[in-house]
Amino acid sequence: MTSLVEVYRRWPTNADCIAHLESVRWPGGPLCPYCGADRVSRNRDAKRTATAERWKCQRCLRSFSVTVGTIFHRTHVDLQRWFLLIALMLSARKGLSAMQAARDLDMRRPTVWSMMHRVRRAMKDDGRLLAGIVEMDESFVGGRRRKANRRDDDEPGPRGTSGKTPVVGAVERGGRVKAKAVKRGEISADDLRRFVAATIDCPRAVLTTDEYAGYNGLNAIVAHRRINHSVAYVERDLFSGQFGPVHTNTIEGVWAILKRAIFGQFHHVSPKYLPLYLNEIVYRYNARRHDDGFNVALYLAVNP
């Protein structure tokens with residue numbers, strides 16, 4: 001993963017950042033974002049000198065820069081700070097608060113908060129389906145936290161799913177994860193079936209879940225294994241041992257990362273913005289073993 005030192009070393013000036021962004025967005029040469037033409041030239045200022053920032057299309061005669069139509073469009077923040085912010089977000093395994101990022105970048109918190117949400121919007125799902133051994137589980141995010149000073153002999157606080165936002169997720173064992181926030185309330189069997197159809201390559205997957213009743217009937221569309229957590233957390237494979245042990249520990253580990261990020265960094269996430277935070281958590285998890293995670297994030301940023 002790209003470090004802050006590497007950002008400073010490889011792209012020390014705004015012009016260097018622009019040149020790199022152009023190579024990421026237009027590897028075959030610049031294209032007009034308005035008409036798609038490749039007949040473009042460097043725009044020129046009043047003194048007829050070529051400018052590094054802007055191009056001019058010879059077909060539609062419009063001028064443009066590499067940031068047009070991207071998350072960087074109309075930004076007043078220099079690109080190096082954008083690069084630094086993306087590197088910070090990718091290196092923080094359990095998330096990075098806007099306040100901490102603002103301190104690191106010497107910027108105002110509202111500006112950084114808006115920038116981080118732009119980056120999260122770009123970290124959208126790539127559409128590839130999950131295959132192999134896939135673990136699936138649901139969780140609930142938000143609600144009122146337990147009093148920090150509650151004694152053990154106090155009356156128990158509220159439990160259950162009231163006031164919380166449901167999240168459903170699936171992960172390839174040793175691979176990628178997908179997650180989606182659901183409207184407040186219980187997760188229905190229809191919600192789970194639609195999620196399976198949209199995220200899992202059913203003919204090429206073996207699904208593992210717990211005994212939640214909402215998973216009933218999924219064996220009609222995908223090979224389905226279940227584990228009873230009241231009996232054990234790991235069981236031997238029911239398919240002659242070829243698919244490994246039956247458990248949902250991997251997806252539960254993803255939920256642990258999500259909740260540590262919310263409780264430890266973000267502190268509060270509204271249902272409105274929860275999908276964006278999920279984008280970040282999922283992208284960082286999927287890019288954890290990739291050396292080019294930074295450039296992939298830049299590619300998504302310039303191809304929203």
# chains A, B, ... in the order shown; residues from 1 in each chain; ligands from 1
$ residues_around --residues "Ala256 of chain A" --least-positions-apart "5" --cutoff "12 Å" --atoms "only C-alpha atoms" --output "number ranges by chain"
A: 93-94, 139-141, 249-251, 261-264, 281
$ residues_around --residues "Met1 of chain A" --least-positions-apart "4" --cutoff "12 Å" --atoms "only C-alpha atoms" --output "list in words"
Val5, Glu6, Val7, Ile86, Ala87, Leu88, Met89, Leu90, Ser91, Ala92, Arg93, Arg284, Ala287, Arg288, Arg289, His290, Asp291, Asp292, Gly293, Phe294, Asn295, Val296 and Ala297 of chain A
$ select_by_dssp --residues "segment 35-144 of chain A" --states "strand (DSSP E)" --output "list in words"
Val40, Ser41, Arg42, Asn43, Arg44, Ala50, Thr51, Ala52, Glu53, Arg54, Trp55, Lys56, Cys57, Ser63, Phe64, Ser65, Leu130, Ala131, Gly132, Ile133, Val134, Glu135, Met136, Asp137, Glu138, Ser139, Phe140, Val141 and Gly142 of chain A
$ residues_around --residues "Glu172 of chain A" --least-positions-apart "4" --cutoff "9 Å" --atoms "only C-alpha atoms" --output "list of chain:residue names"
A:Leu130, A:Ala131, A:Gly132, A:Ile133, A:Val134, A:Glu135, A:Arg176, A:Val177, A:Thr250, A:Ile251
$ write_last_selection --atoms "N, CA and C atoms" --output "mmCIF file, in the first residue's frame"
data_model
loop_
_atom_site.group_PDB
_atom_site.id
_atom_site.type_symbol
_atom_site.label_atom_id
_atom_site.label_comp_id
_atom_site.auth_asym_id
_atom_site.auth_seq_id
_atom_site.Cartn_x
_atom_site.Cartn_y
_atom_site.Cartn_z
ATOM 1 N N LEU A 130 -19.046 -13.293 -6.027
ATOM 2 C CA LEU A 130 -18.238 -14.134 -5.147
ATOM 3 C C LEU A 130 -18.409 -15.597 -5.524
ATOM 4 N N ALA A 131 -17.350 -16.385 -5.356
ATOM 5 C CA ALA A 131 -17.395 -17.807 -5.693
ATOM 6 C C ALA A 131 -16.576 -18.584 -4.669
ATOM 7 N N GLY A 132 -16.608 -19.919 -4.799
ATOM 8 C CA GLY A 132 -15.893 -20.763 -3.850
ATOM 9 C C GLY A 132 -16.659 -20.878 -2.546
ATOM 10 N N ILE A 133 -15.939 -21.004 -1.450
ATOM 11 C CA ILE A 133 -16.574 -21.061 -0.130
ATOM 12 C C ILE A 133 -16.926 -19.641 0.285
ATOM 13 N N VAL A 134 -18.208 -19.368 0.448
ATOM 14 C CA VAL A 134 -18.689 -18.023 0.767
ATOM 15 C C VAL A 134 -19.414 -18.062 2.106
ATOM 16 N N GLU A 135 -18.985 -17.242 3.035
ATOM 17 C CA GLU A 135 -19.663 -17.107 4.323
ATOM 18 C C GLU A 135 -20.582 -15.894 4.284
ATOM 19 N N ARG A 176 -12.566 -11.849 -1.272
ATOM 20 C CA ARG A 176 -13.217 -10.545 -1.217
ATOM 21 C C ARG A 176 -14.487 -10.593 -0.372
ATOM 22 N N VAL A 177 -14.943 -9.399 0.022
ATOM 23 C CA VAL A 177 -16.162 -9.263 0.808
ATOM 24 C C VAL A 177 -17.098 -8.286 0.117
ATOM 25 N N THR A 250 -15.034 -15.824 9.396
ATOM 26 C CA THR A 250 -14.430 -14.805 8.534
ATOM 27 C C THR A 250 -15.323 -13.580 8.419
ATOM 28 N N ILE A 251 -16.612 -13.787 8.131
ATOM 29 C CA ILE A 251 -17.522 -12.650 7.987
ATOM 30 C C ILE A 251 -17.736 -11.968 9.336
#
$ residues_around --residues "segment 23-28 of chain A" --least-positions-apart "5" --cutoff "10 Å" --atoms "only C-alpha atoms" --output "mmCIF file with N, CA and C atoms, in the first residue's frame"
data_model
loop_
_atom_site.group_PDB
_atom_site.id
_atom_site.type_symbol
_atom_site.label_atom_id
_atom_site.label_comp_id
_atom_site.auth_asym_id
_atom_site.auth_seq_id
_atom_site.Cartn_x
_atom_site.Cartn_y
_atom_site.Cartn_z
ATOM 1 N N CYS A 17 1.285 15.412 -9.581
ATOM 2 C CA CYS A 17 0.016 14.742 -9.282
ATOM 3 C C CYS A 17 -0.898 14.756 -10.502
ATOM 4 N N ILE A 18 -0.950 15.889 -11.204
ATOM 5 C CA ILE A 18 -1.779 15.992 -12.405
ATOM 6 C C ILE A 18 -1.298 15.004 -13.462
ATOM 7 N N ASP A 38 -10.345 11.997 -29.413
ATOM 8 C CA ASP A 38 -8.948 11.921 -28.995
ATOM 9 C C ASP A 38 -8.089 12.999 -29.645
ATOM 10 N N VAL A 66 -8.014 17.068 -16.313
ATOM 11 C CA VAL A 66 -8.148 15.661 -15.954
ATOM 12 C C VAL A 66 -9.161 15.459 -14.832
ATOM 13 N N THR A 67 -9.508 16.512 -14.106
ATOM 14 C CA THR A 67 -10.436 16.375 -12.980
ATOM 15 C C THR A 67 -11.904 16.511 -13.374
ATOM 16 N N THR A 70 -14.885 13.967 -12.305
ATOM 17 C CA THR A 70 -14.332 13.072 -11.288
ATOM 18 C C THR A 70 -14.662 13.616 -9.902
ATOM 19 N N ASN A 295 -3.528 3.066 -6.544
ATOM 20 C CA ASN A 295 -3.824 3.426 -7.933
ATOM 21 C C ASN A 295 -5.208 2.962 -8.357
ATOM 22 N N VAL A 296 -5.664 1.833 -7.826
ATOM 23 C CA VAL A 296 -7.033 1.397 -8.118
ATOM 24 C C VAL A 296 -8.027 2.401 -7.551
ATOM 25 N N LEU A 298 -7.450 5.579 -7.139
ATOM 26 C CA LEU A 298 -7.385 6.735 -8.034
ATOM 27 C C LEU A 298 -8.177 6.480 -9.311
ATOM 28 N N TYR A 299 -8.071 5.263 -9.849
ATOM 29 C CA TYR A 299 -8.823 4.930 -11.066
ATOM 30 C C TYR A 299 -10.326 5.057 -10.817
ATOM 31 N N LEU A 300 -10.794 4.563 -9.676
ATOM 32 C CA LEU A 300 -12.212 4.694 -9.341
ATOM 33 C C LEU A 300 -12.588 6.156 -9.147
ATOM 34 N N ALA A 301 -11.665 6.942 -8.603
ATOM 35 C CA ALA A 301 -11.943 8.358 -8.352
ATOM 36 C C ALA A 301 -12.122 9.144 -9.643
ATOM 37 N N VAL A 302 -11.401 8.760 -10.702
ATOM 38 C CA VAL A 302 -11.512 9.487 -11.976
ATOM 39 C C VAL A 302 -12.464 8.800 -12.943
ATOM 40 N N ASN A 303 -13.051 7.678 -12.521
ATOM 41 C CA ASN A 303 -14.060 6.986 -13.332
ATOM 42 C C ASN A 303 -15.267 6.662 -12.462
#
$ residues_around --residues "Ala220 of chain A" --least-positions-apart "5" --cutoff "12 Å" --atoms "only C-alpha atoms" --output "compact mmCIF listing (two decimals) with C-alpha atoms, in the first residue's frame"
# COMPACT_ATOMS: atom_id res chain seq x y z
CA ARG A 193 -32.34 -13.98 -1.25
CA VAL A 196 -27.40 -13.75 -2.64
CA ALA A 197 -28.61 -13.39 -6.23
CA CYS A 202 -24.43 -19.51 -7.18
CA PRO A 203 -23.35 -22.36 -9.54
CA LEU A 207 -22.66 -20.86 0.96
CA TYR A 215 -31.74 -18.35 5.33
$ select_by_dssp --residues "segment 81-287 of chain A" --states "helix (DSSP H, G or I)" --output "PyMOL selection string"
chain A and resi 81-91+98-105+109-122+189-199+213-215+218-220+249-266+274-286
$ atom_distance --atom1 "atom CA of Arg120 of chain A" --atom2 "atom CA of Ser97 of chain A"
13.0 Å
$ residues_around --residues "Ala102 of chain A" --least-positions-apart "3" --cutoff "12 Å" --atoms "only C-alpha atoms" --output "list in words"
Arg81, Trp82, Leu84, Leu85, Leu88, Leu96, Ser97, Ala98, Met99, Leu105, Asp106, Met107, Arg108, Arg109, Pro110, Thr111, Val112, Trp113, Ser114, Met115 and Met116 of chain A
$ write_last_selection --atoms "C-alpha atoms" --output "PDB file, in the first residue's frame"
ATOM      1  CA  ARG A  81      -3.495  16.622  -0.317  1.00  0.00           C
ATOM      2  CA  TRP A  82      -6.093  14.474  -2.054  1.00  0.00           C
ATOM      3  CA  LEU A  84      -2.310  12.055   0.982  1.00  0.00           C
ATOM      4  CA  LEU A  85      -5.885  11.683   2.207  1.00  0.00           C
ATOM      5  CA  LEU A  88      -4.232   7.811   4.954  1.00  0.00           C
ATOM      6  CA  LEU A  96      -9.777   7.283  10.113  1.00  0.00           C
ATOM      7  CA  SER A  97     -11.896  10.039  11.612  1.00  0.00           C
ATOM      8  CA  ALA A  98     -12.337  13.309   9.743  1.00  0.00           C
ATOM      9  CA  MET A  99     -10.985  15.148  12.782  1.00  0.00           C
ATOM     10  CA  LEU A 105      -3.431  17.465   6.621  1.00  0.00           C
ATOM     11  CA  ASP A 106      -3.646  20.828   8.422  1.00  0.00           C
ATOM     12  CA  MET A 107      -7.145  21.489   7.062  1.00  0.00           C
ATOM     13  CA  ARG A 108     -10.622  22.279   8.372  1.00  0.00           C
ATOM     14  CA  ARG A 109     -12.648  19.282   9.513  1.00  0.00           C
ATOM     15  CA  PRO A 110     -15.781  20.055   7.383  1.00  0.00           C
ATOM     16  CA  THR A 111     -13.627  20.230   4.244  1.00  0.00           C
ATOM     17  CA  VAL A 112     -11.917  16.933   5.015  1.00  0.00           C
ATOM     18  CA  TRP A 113     -15.252  15.290   5.930  1.00  0.00           C
ATOM     19  CA  SER A 114     -16.646  16.238   2.509  1.00  0.00           C
ATOM     20  CA  MET A 115     -13.490  15.020   0.746  1.00  0.00           C
ATOM     21  CA  MET A 116     -13.612  11.674   2.550  1.00  0.00           C
TER      22      MET A 116
END
$ residues_around --residues "Pro271 of chain A" --least-positions-apart "3" --cutoff "8 Å" --atoms "only C-alpha atoms" --output "count of residues only"
3
$ atom_distance --atom1 "atom CA of Phe72 of chain A" --atom2 "atom CA of Arg44 of chain A"
22.0 Å
$ atom_distance --atom1 "atom CA of Leu4 of chain A" --atom2 "atom CA of Leu258 of chain A"
23.9 Å
$ closest_residue --among "A:Pro33, A:Gly169, A:Gly244, A:Gly175" --to "Phe195 of chain A" --atoms "only C-alpha atoms"
A:Gly169
